[in-house]
Amino acid sequence: MNLDIQLRTELQKAVTTLFQQPVPQLQIQPTNAEFEGSHTLVCFPLTKISKKGPEQTATALGEYLVANSGIVSRFNVVKGFLNLVINDATWVKVLQAIHADPLFGELPPQGKELMVEYSSPNTNKPLHLGHLRNNFLGYSVAEIYKALGYTVHKVQIINDRGIHICKSMAAWQLYGNGETPQTSGLKGDKLVGKYYVEFDKHHKAQVKELIAQGVAEAEAEKRAPVMTTAVDLLQKWEAKDPDVLTLWKKMNGWVYAGFEATYQRMGVNFDKLYYESDTYLLGKDEVLKGVDNGIFFKKEDGSVWVDLTADGLDQKVLLRSDGTSVYMTQDIGTAILRFRDFPKIEGQVYTVGNEQEYHFKVLFLILKKLGYAFAEKCYHLSYGMVDLPTGKMKSREGTVVDADDLMEEMVEEAAQQTRELGKVAEMTPNEIRELTEMIGLGALKFFLLKVDPKKRMLFDPNESIQLQGHTGPFIQYTHARIKSILRKAATLGVDVSAWDGGAVSELVPAEREVIFKLNQYPQKIQEAAREYSPAVVANYAFELAKGYNQFYQTVPIFQETDAAKLQLRVAFSQAVADVLKKSLRLLGMQVPERM
């Protein structure tokens with residue numbers, strides 16, 4: 001049964017019967033924790049048709065529901081709020097419906113399509129901690145929408161061209177001595193990242209030397225030999241110089257192989273890849289058309305700009321004076337190409353850090369000025385920085401927290417804790433590795449996803465791996481504990497495969513509270529999708545696991561002598577395990593059978 005629909009129906013019937021008026025939109029919300037009840041009706045809007053005060057209106061409705069609904073056992077009124085207590089027989093029916101539905105919380109195909117972009121790295125450095133939050137967010141949002149019946153296209157734009165790429169190329173040419181991933185033993189993305197750092201080191205030294213010779217700092221930064229080499233490479237690349245293209249393809253190939261290994265361990269994937277090297281020319285063409293149509297303007301040096309001052313923004317360069325593209329130009333081309341490739345998508349979600357909020361405001365506004373109606377369907381899933389005890393990460397200085405290293409450290413920490421707890425004595429080495437991978441990466445994903453995306457956060461590896469507290473391992477351990485209970489129940493002959501609610505009509509408070517939480521799962525998925533926030537699902541899973549553990553501590557399941565109650569508690573436990581597994585799957589996490 002769908003309790004929320006049934007309760008709304010009963011409330012509508014009560015309003016119509018008592019007040020003889022059409023039913024307005026009813027405001028139903030969860031009951032405040034300090035009051036008895038599970039559902040609260042806000043009665044202030046009903047006073048116009050009841051011709052009574054809010055408290056009198058609430059009391060009249062409460063009395064009617066207790067006498068006539070069959071699902072409300074009692075009520076209390078706090079000012080204009082009607083708090084409803086659902087009877088235990090109804091909660092048992094709710095549990096039975098959840099237990100019997102393998103697709104509980106999920107919707108069938110809706111015929112709707114959505115595109116979610118995430119990761120979108122530069123090919124001049126390996127993925128880092130910030131990329132982990134980005135990938136986990138984007139992947140999770142995609143999975144949440146898939147659960148709601150959407151066809152979701154998971155994509156990334158690979159920033160494979162531009163001056164930043166040429167900086168790594170220049171440094172490798174000048175200082176690399178032919179080094180390759182094979183000769184160095186480094187993953188390809190790490191090798192290329194090494195030369196991005198080398199560029200910065202040599203550039204700073206050369207700028208310092210030029211300044212000492214009397215050159216102004218801004219001019220010195222341009223004239224530094226390593227910088228002029230990089231700029232020359234960029235110009236030759238755009239002119240399709242064959243030697244430069246060969247070097248570019250070789251170094252990017254190293255990076256892609258490294259990225260793929262990292263993505264596999266992250267547990268994320270993509271349906272389609274876009275490359276800036278393919279899309280920047282389309283963006284360039286659109287910009288030049290915009291000049292012809294008076295949307296953009298050229299300055300004396302030949303650069304192309306858009307004037308957004310009338311829209312409360314500023315002027316933005318779209319093509320440099322030498323004709324080369326900027327990020328904005330590329331993003332214009334990419335957006336247009338995606339809607340051409342997938343004309344049915346209802347929206348395009350960009351998972352990009354909040355330092356780019358202004359960029360996306362400008363992008364969506366430019367697309368609108370160019371006449372593309374889909375601009376209204378674009379959404380920037382903005383997220384805050386991940387801070388560390390050592391401060392902000394800086395890629396060009398080589399001080400980032402490497403994604404591969406962090407994942408490995410989390411798995412090693414999980415292995416150490418698991419050994420200390422003595423949980424692996426009967427496991428094979430492969431089983432131990434599989435378990436610790438699940439725990440370590442689960443801890444990392446949950447910690448990065450439990451915080452609202454918009455908020456800046458501090459990542460604490462030690463806190464994230466704990467079995468107690470607001471952590472992924474706590475939820476994973478709860479699932480493993482329930483699986484142990486289900487195995488024991490099976491040995492005792494307790495079969496809940498076709499459980500129909502039995503003859504139980506009375507619950508303990510802890511059961512009632514957890515069934516209420518189970519019943520919230522579909523609404524939580526809807527809320528997470530509406531807010532583009534996996535944190536809603538993460539925190540729901542934690543509250544559900546916490547509620548079950550409180551039940552487990554207060555109700556000795558296998559000491560129950562009433563066969564019907566024992567069967568209910570086993571079915572109840574199974575339903576919790578199923579919803580925990582579904583919830584964590586939406587976060588890209590796995591759950592262990594044993595732990």
# chains A, B, ... in the order shown; residues from 1 in each chain; ligands from 1

$ residues_around --residues "region 538-541 of chain A" --least-positions-apart "3" --cutoff "7 Å" --atoms "only C-alpha atoms" --output "JSON, numbers by chain"
{"A": [446, 449, 450, 534, 535, 544, 545, 580, 583]}

$ select_by_dssp --residues "region 238-307 of chain A" --states "alpha helix (DSSP H)" --output "ChimeraX atom specification"
/A:238,242-266,276-292

$ residues_around --residues "Glu106 (chain A)" --least-positions-apart "3" --cutoff "7 Å" --atoms "only C-alpha atoms" --output "count of residues only"
3

$ closest_residue --among "A:Val226, A:Ile163, A:Ala403, A:Phe297" --to "Phe259 (chain A)" --atoms "only C-alpha atoms"
A:Ala403

$ closest_residue --among "A:Asn354, A:Ser464, A:Thr9, A:Gln29" --to "Ser69 (chain A)" --atoms "only C-alpha atoms"
A:Thr9

$ select_by_dssp --residues "region 301-523 of chain A" --states "strand (DSSP E or B)" --output "ChimeraX atom specification"
/A:304-307,315-319,325,345-353,378-383,386-387,402,457-458

$ closest_residue --among "A:Lys517, A:Lys190, A:His39, A:Lys344" --to "Ala261 (chain A)" --atoms "only C-alpha atoms"
A:Lys190

$ closest_residue --among "A:Gln348, A:Gln567, A:Gln553, A:Asn83" --to "Phe364 (chain A)" --atoms "only C-alpha atoms"
A:Gln348

$ residues_around --residues "Leu129 (chain A)" --least-positions-apart "2" --cutoff "6 Å" --atoms "only C-alpha atoms" --output "ChimeraX atom specification"
/A:131-132,401,403

$ write_last_selection --atoms "N, CA, C and O atoms" --output "PDB file, in the first residue's frame"
ATOM      1  N   HIS A 131      38.662  15.913  -8.248  1.00  0.00           N
ATOM      2  CA  HIS A 131      38.027  15.094  -9.282  1.00  0.00           C
ATOM      3  C   HIS A 131      37.204  13.965  -8.667  1.00  0.00           C
ATOM      4  O   HIS A 131      36.192  13.532  -9.231  1.00  0.00           O
ATOM      5  N   LEU A 132      37.639  13.460  -7.517  1.00  0.00           N
ATOM      6  CA  LEU A 132      36.878  12.393  -6.864  1.00  0.00           C
ATOM      7  C   LEU A 132      35.496  12.896  -6.459  1.00  0.00           C
ATOM      8  O   LEU A 132      34.488  12.242  -6.727  1.00  0.00           O
ATOM      9  N   VAL A 401      46.464  16.191  -3.905  1.00  0.00           N
ATOM     10  CA  VAL A 401      46.277  14.853  -3.355  1.00  0.00           C
ATOM     11  C   VAL A 401      45.829  13.974  -4.505  1.00  0.00           C
ATOM     12  O   VAL A 401      44.713  14.105  -5.014  1.00  0.00           O
ATOM     13  N   ALA A 403      44.391  11.177  -6.813  1.00  0.00           N
ATOM     14  CA  ALA A 403      43.222  10.309  -6.652  1.00  0.00           C
ATOM     15  C   ALA A 403      43.624   8.852  -6.469  1.00  0.00           C
ATOM     16  O   ALA A 403      43.091   8.152  -5.599  1.00  0.00           O
TER      17      ALA A 403
END

$ residues_around --residues "Val78 (chain A)" --least-positions-apart "4" --cutoff "10 Å" --atoms "only C-alpha atoms" --output "MDAnalysis selection string"
chainID A and resid 35 40 54:55 58:59 82:83

$ residues_around --residues "His153 (chain A)" --least-positions-apart "3" --cutoff "9 Å" --atoms "only C-alpha atoms" --output "PyMOL selection string"
chain A and resi 113-117+142+270-272+342+345

$ decode --residues "region 508-546 of chain A" --atoms "N, CA and C atoms" --output "tab-separated table (two decimals), in the first residue's frame"
chain	number	residue	atom	x	y	z
A	508	VAL	N	6.64	-2.69	18.25
A	508	VAL	CA	7.38	-1.93	19.26
A	508	VAL	C	7.75	-0.59	18.62
A	509	PRO	N	8.00	0.45	19.44
A	509	PRO	CA	8.28	1.77	18.87
A	509	PRO	C	9.42	1.78	17.85
A	510	ALA	N	10.48	1.03	18.11
A	510	ALA	CA	11.62	1.04	17.19
A	510	ALA	C	11.24	0.50	15.82
A	511	GLU	N	10.36	-0.50	15.77
A	511	GLU	CA	9.89	-1.04	14.49
A	511	GLU	C	9.08	0.02	13.74
A	512	ARG	N	8.22	0.65	14.46
A	512	ARG	CA	7.35	1.68	13.87
A	512	ARG	C	8.19	2.79	13.23
A	513	GLU	N	9.19	3.23	13.97
A	513	GLU	CA	10.04	4.33	13.48
A	513	GLU	C	10.82	3.93	12.23
A	514	VAL	N	11.31	2.69	12.19
A	514	VAL	CA	12.10	2.26	11.04
A	514	VAL	C	11.19	2.04	9.82
A	515	ILE	N	10.00	1.51	10.02
A	515	ILE	CA	9.08	1.35	8.89
A	515	ILE	C	8.72	2.71	8.30
A	516	PHE	N	8.55	3.70	9.18
A	516	PHE	CA	8.30	5.06	8.69
A	516	PHE	C	9.47	5.54	7.83
A	517	LYS	N	10.69	5.26	8.28
A	517	LYS	CA	11.87	5.66	7.50
A	517	LYS	C	11.92	4.90	6.17
A	518	LEU	N	11.61	3.60	6.20
A	518	LEU	CA	11.57	2.83	4.96
A	518	LEU	C	10.59	3.45	3.97
A	519	ASN	N	9.45	3.84	4.48
A	519	ASN	CA	8.39	4.40	3.64
A	519	ASN	C	8.80	5.73	2.99
A	520	GLN	N	9.80	6.39	3.56
A	520	GLN	CA	10.27	7.68	3.03
A	520	GLN	C	11.18	7.53	1.81
A	521	TYR	N	11.66	6.32	1.54
A	521	TYR	CA	12.69	6.13	0.51
A	521	TYR	C	12.29	6.72	-0.84
A	522	PRO	N	11.10	6.45	-1.39
A	522	PRO	CA	10.77	7.03	-2.70
A	522	PRO	C	10.80	8.56	-2.70
A	523	GLN	N	10.30	9.18	-1.62
A	523	GLN	CA	10.32	10.65	-1.55
A	523	GLN	C	11.75	11.18	-1.48
A	524	LYS	N	12.63	10.43	-0.81
A	524	LYS	CA	14.02	10.88	-0.69
A	524	LYS	C	14.72	10.86	-2.05
A	525	ILE	N	14.41	9.86	-2.87
A	525	ILE	CA	15.01	9.83	-4.22
A	525	ILE	C	14.51	11.04	-5.02
A	526	GLN	N	13.22	11.30	-4.92
A	526	GLN	CA	12.64	12.46	-5.63
A	526	GLN	C	13.30	13.76	-5.16
A	527	GLU	N	13.48	13.88	-3.86
A	527	GLU	CA	14.09	15.09	-3.30
A	527	GLU	C	15.54	15.23	-3.76
A	528	ALA	N	16.28	14.12	-3.76
A	528	ALA	CA	17.68	14.15	-4.20
A	528	ALA	C	17.78	14.58	-5.66
A	529	ALA	N	16.85	14.08	-6.49
A	529	ALA	CA	16.86	14.45	-7.91
A	529	ALA	C	16.51	15.92	-8.09
A	530	ARG	N	15.50	16.36	-7.37
A	530	ARG	CA	15.04	17.75	-7.48
A	530	ARG	C	16.16	18.73	-7.09
A	531	GLU	N	16.94	18.35	-6.08
A	531	GLU	CA	18.00	19.23	-5.57
A	531	GLU	C	19.37	18.89	-6.16
A	532	TYR	N	19.43	17.88	-7.03
A	532	TYR	CA	20.72	17.41	-7.57
A	532	TYR	C	21.70	17.17	-6.42
A	533	SER	N	21.23	16.49	-5.38
A	533	SER	CA	22.03	16.34	-4.17
A	533	SER	C	22.04	14.89	-3.68
A	534	PRO	N	23.08	14.11	-3.98
A	534	PRO	CA	23.20	12.77	-3.42
A	534	PRO	C	23.27	12.77	-1.90
A	535	ALA	N	23.58	13.91	-1.30
A	535	ALA	CA	23.64	14.00	0.16
A	535	ALA	C	22.30	13.61	0.79
A	536	VAL	N	21.20	13.87	0.10
A	536	VAL	CA	19.87	13.51	0.61
A	536	VAL	C	19.78	11.99	0.79
A	537	VAL	N	20.26	11.25	-0.21
A	537	VAL	CA	20.23	9.79	-0.14
A	537	VAL	C	21.24	9.28	0.89
A	538	ALA	N	22.43	9.87	0.92
A	538	ALA	CA	23.47	9.44	1.87
A	538	ALA	C	22.99	9.59	3.31
A	539	ASN	N	22.41	10.73	3.63
A	539	ASN	CA	21.98	10.97	5.00
A	539	ASN	C	20.73	10.16	5.34
A	540	TYR	N	19.90	9.90	4.35
A	540	TYR	CA	18.76	9.00	4.56
A	540	TYR	C	19.25	7.60	4.93
A	541	ALA	N	20.23	7.08	4.17
A	541	ALA	CA	20.76	5.74	4.43
A	541	ALA	C	21.35	5.66	5.83
A	542	PHE	N	22.05	6.72	6.25
A	542	PHE	CA	22.62	6.74	7.59
A	542	PHE	C	21.53	6.70	8.65
A	543	GLU	N	20.48	7.51	8.49
A	543	GLU	CA	19.39	7.53	9.47
A	543	GLU	C	18.67	6.18	9.53
A	544	LEU	N	18.49	5.55	8.37
A	544	LEU	CA	17.85	4.23	8.34
A	544	LEU	C	18.71	3.20	9.07
A	545	ALA	N	20.02	3.21	8.79
A	545	ALA	CA	20.92	2.26	9.46
A	545	ALA	C	20.95	2.52	10.97
A	546	LYS	N	20.97	3.78	11.35
A	546	LYS	CA	20.99	4.13	12.77
A	546	LYS	C	19.70	3.65	13.46
